[in-house]
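Source file: target16.csv; contents: CSV, C-alpha atoms.
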chain,number,residue,atom,x,y,z
B,289,MET,CA,23.6,-21.3,4.0
B,290,GLN,CA,24.0,-18.2,1.8
B,291,THR,CA,20.9,-16.4,0.6
B,292,THR,CA,20.0,-12.9,-0.4
B,293,ALA,CA,16.3,-13.5,-0.1
B,294,SER,CA,14.4,-12.4,3.0
B,295,PHE,CA,12.3,-15.0,4.9
B,296,THR,CA,8.9,-14.6,6.3
B,297,GLN,CA,7.7,-16.7,9.3
B,298,GLN,CA,4.6,-18.7,8.6
B,299,ASP,CA,3.1,-21.3,10.9
B,300,GLY,CA,6.4,-22.0,12.6
B,301,LEU,CA,8.4,-22.2,9.4
B,302,PHE,CA,10.6,-19.7,7.6
B,303,ILE,CA,9.6,-19.3,4.0
B,304,ASP,CA,11.8,-17.7,1.3
B,305,GLY,CA,10.3,-14.3,0.4
B,306,ASN,CA,10.1,-15.1,-3.3
B,307,LEU,CA,8.5,-18.5,-2.7
B,308,HIS,CA,6.1,-16.8,-0.2
B,309,SER,CA,5.0,-14.3,-2.9
B,310,PHE,CA,4.6,-17.0,-5.5
B,311,ILE,CA,2.4,-19.0,-3.1
B,312,GLU,CA,0.2,-16.0,-2.2
B,313,GLN,CA,-0.1,-14.4,-5.6
B,314,GLN,CA,-0.4,-17.5,-7.8
B,315,LEU,CA,-1.0,-20.8,-6.0
B,316,CYS,CA,-3.5,-19.5,-3.5
B,317,GLN,CA,-5.4,-17.7,-6.3
B,318,LYS,CA,-5.4,-20.8,-8.4
B,319,THR,CA,-6.5,-23.2,-5.6
B,320,ARG,CA,-8.8,-20.8,-3.6
B,321,LEU,CA,-6.9,-21.8,-0.5
B,322,THR,CA,-5.7,-19.1,1.9
B,323,SER,CA,-2.0,-18.7,2.6
B,324,GLU,CA,-2.7,-19.8,6.2
B,325,GLU,CA,-4.2,-23.1,4.9
B,326,VAL,CA,-1.2,-23.7,2.7
B,327,TYR,CA,1.3,-23.0,5.4
B,328,GLN,CA,-0.6,-25.1,7.9
B,329,ALA,CA,-0.5,-28.0,5.4
B,330,LEU,CA,3.2,-27.4,4.9
B,331,ALA,CA,3.9,-27.3,8.6
B,332,THR,CA,1.9,-30.5,9.1
B,333,LEU,CA,3.8,-32.3,6.3
B,334,VAL,CA,7.1,-31.2,7.9
B,335,ASP,CA,6.0,-32.4,11.3
B,336,GLU,CA,4.8,-35.8,9.9
B,337,PHE,CA,7.5,-36.6,7.4
B,338,GLY,CA,10.5,-34.4,8.2
B,339,CYS,CA,12.3,-36.7,10.6
B,340,GLN,CA,11.8,-39.8,8.4
B,341,CYS,CA,13.1,-38.0,5.2
B,342,ARG,CA,16.1,-36.5,7.1
B,343,LYS,CA,16.9,-39.9,8.7
B,344,ASN,CA,17.2,-41.4,5.2
B,345,LYS,CA,19.1,-38.6,3.7
B,346,HIS,CA,22.3,-39.8,2.1
B,347,GLU,CA,23.6,-36.8,0.2
B,348,ASP,CA,25.0,-34.3,2.7
B,349,ASP,CA,25.4,-31.3,0.4
B,350,ALA,CA,22.4,-31.8,-1.9
B,351,ALA,CA,20.0,-28.8,-1.7
B,352,LEU,CA,17.3,-27.6,-4.0
B,353,ASP,CA,17.6,-23.8,-3.9
B,354,ALA,CA,14.6,-21.5,-3.9
B,355,GLN,CA,15.3,-20.1,-7.4
B,356,THR,CA,15.5,-23.5,-9.0
B,357,LEU,CA,12.3,-24.5,-7.2
B,358,LEU,CA,10.5,-21.3,-8.4
B,359,HIS,CA,11.8,-21.6,-12.0
B,360,ALA,CA,10.4,-25.1,-12.3
B,361,TYR,CA,6.9,-23.9,-11.4
B,362,GLN,CA,6.9,-20.4,-12.9
B,363,VAL,CA,8.8,-20.9,-16.1
B,364,GLU,CA,8.9,-24.6,-16.9
B,365,HIS,CA,5.6,-25.5,-15.4
B,366,GLU,CA,6.9,-28.9,-14.4
B,367,HIS,CA,8.0,-30.9,-11.4
B,368,PRO,CA,11.5,-30.3,-10.2
B,369,HIS,CA,13.1,-33.8,-9.8
B,370,CYS,CA,14.2,-34.5,-6.2
B,371,HIS,CA,14.9,-37.7,-4.3
B,372,VAL,CA,12.8,-38.4,-1.2
B,373,ASP,CA,15.9,-39.3,0.7
B,374,ALA,CA,18.5,-37.0,-0.9
B,375,GLN,CA,17.8,-33.3,-0.8
B,376,THR,CA,16.8,-30.5,1.4
B,377,THR,CA,15.7,-27.1,0.2
B,378,THR,CA,16.9,-23.6,1.0
B,379,ALA,CA,13.4,-22.3,0.3
B,380,VAL,CA,11.9,-23.4,3.6
B,381,LEU,CA,13.5,-23.7,7.0
B,382,ASP,CA,12.0,-25.3,10.1
B,383,GLU,CA,11.6,-23.7,13.5
B,384,PHE,CA,15.3,-24.4,14.2
B,385,CYS,CA,16.3,-22.8,10.9
B,386,CYS,CA,17.3,-26.1,9.4
B,387,GLN,CA,16.5,-26.8,5.7
B,388,VAL,CA,13.4,-29.0,5.3
B,389,PRO,CA,13.4,-32.1,3.0
B,390,ALA,CA,12.8,-30.8,-0.5
B,391,ILE,CA,10.3,-33.6,-1.3
B,392,ILE,CA,7.9,-32.2,1.3
B,393,VAL,CA,7.9,-28.7,-0.3
B,394,VAL,CA,7.8,-30.2,-3.9
B,395,ALA,CA,4.9,-32.6,-3.0
B,396,LEU,CA,2.8,-29.6,-1.7
B,397,MET,CA,3.8,-27.4,-4.7
B,398,ASP,CA,2.9,-30.2,-7.1
B,399,THR,CA,-0.4,-30.8,-5.4
B,400,LEU,CA,-1.3,-27.1,-5.5
B,401,SER,CA,-0.2,-26.6,-9.1
B,402,ALA,CA,-1.7,-29.8,-10.3
B,403,THR,CA,1.7,-31.0,-11.5
B,404,PRO,CA,2.0,-34.8,-11.7
B,405,SER,CA,4.9,-36.6,-10.2
B,406,ASN,CA,6.2,-40.2,-9.9
B,407,GLU,CA,9.0,-39.5,-7.3
B,408,HIS,CA,10.2,-42.8,-6.0
B,409,ASP,CA,8.9,-43.6,-2.5
B,410,ALA,CA,7.0,-40.3,-2.2
B,411,LYS,CA,3.4,-41.7,-2.6
B,412,VAL,CA,2.4,-41.3,1.0
B,413,ILE,CA,3.7,-37.7,1.1
B,414,TYR,CA,1.6,-36.8,-2.0
B,415,GLN,CA,-1.4,-38.6,-0.6
B,416,ARG,CA,-1.2,-36.6,2.7
B,417,ALA,CA,-0.6,-33.3,0.8
B,418,ALA,CA,-3.8,-34.0,-1.2
B,419,GLN,CA,-5.7,-34.8,2.0
B,420,LEU,CA,-4.5,-31.7,3.8
B,421,THR,CA,-5.4,-29.4,0.9
B,422,ASN,CA,-8.5,-31.2,-0.3
B,423,ARG,CA,-7.0,-31.5,-3.7
B,424,PRO,CA,-6.4,-34.4,-6.0
B,425,CYS,CA,-3.4,-36.5,-5.4
B,426,MET,CA,-0.8,-35.8,-8.0
B,427,TYR,CA,1.3,-38.9,-7.5
B,428,ARG,CA,1.4,-41.2,-10.5
B,429,GLU,CA,2.9,-44.7,-10.4
B,430,SER,CA,4.2,-44.2,-13.9
B,431,PHE,CA,4.0,-41.8,-16.8
B,432,THR,CA,4.3,-44.6,-19.4
B,433,ASN,CA,1.4,-45.5,-21.7
B,434,SER,CA,-0.1,-48.8,-20.5
B,435,ASN,CA,-1.1,-49.7,-24.0
B,436,ALA,CA,2.4,-49.4,-25.3
B,437,ALA,CA,3.9,-52.7,-26.5
The structure in this file should be written as structure tokens.
Amino acid sequence: MQTTASFTQQDGLFIDGNLHSFIEQQLCQKTRLTSEEVYQALATLVDEFGCQCRKNKHEDDAALDAQTLLHAYQVEHEHPHCHVDAQTTTAVLDEFCCQVPAIIVVALMDTLSATPSNEHDAKVIYQRAAQLTNRPCMYRESFTNSNAA
């Protein structure tokens, strides 16, 4: 893995320095959660869902880099599409310095930023992220209008 960003260790995870700044300066301010609470939730999600997401991973070289992740939330203000069983992210590394499944980070970021998502097979991750942060669940079955013909 090549990166120019520094990492900070938080709750047993290594967090990209730019992502860490975004979480502390923007998401924590918006949600009124402490960074410790956010990282504890992230660590719990990695513990609970990391193995299952990695087990199902079918794209070896698919990675969501930290800049793309941040661009989605800072500039586009929308959910970065990622498959539950396809991608990892270079923005967060576990205690063994392995990339964590991207959907775990994205589900938490969506929850904290109130960004809706309908990622296939990610409902339980979104529900748990909401429970851990005491925020509304941002998972939506569909974005289509139910009144449309």
Report task. Point out the residue among B:Gln419, B:Ala410, B:Cys341, B:Thr356 with the least atom-to-atom distance to Thr376 (chain B), counting only C-alpha atoms. Result -> B:Cys341
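A straight line drawn from CA of Val334 (chain B) to CA of Asp382 (chain B) is 8.0 Å long.
The closest residue to Pro389 (chain B), picked from B:Cys339, B:Val363, B:Ala417, B:Leu321 and counting only C-alpha atoms, is B:Cys339.
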Report task. Fewer than 3 positions away in the same chain doesn't count, so skip those; otherwise give me all residues within 12 Å of Ser309 (chain B), counting all atoms listed in the file, as a list in words. Result ->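 Listed by chain and then number, they are Ala293, Ser294, Phe295, Thr296, Ile303, Asp304, Gly305, Asn306, Glu312, Gln313, Gln314, Leu315, Cys316, Gln317, Ser323, Leu358 and Gln362 of chain B.
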Query raised in the report: What lies within 10 Å of Tyr327 (chain B) using only C-alpha atoms, ignoring chain neighbours under 2 positions off, as a ChimeraX atom specification?
Result: /B:297-301,303,308,311,322-325,329-333,396
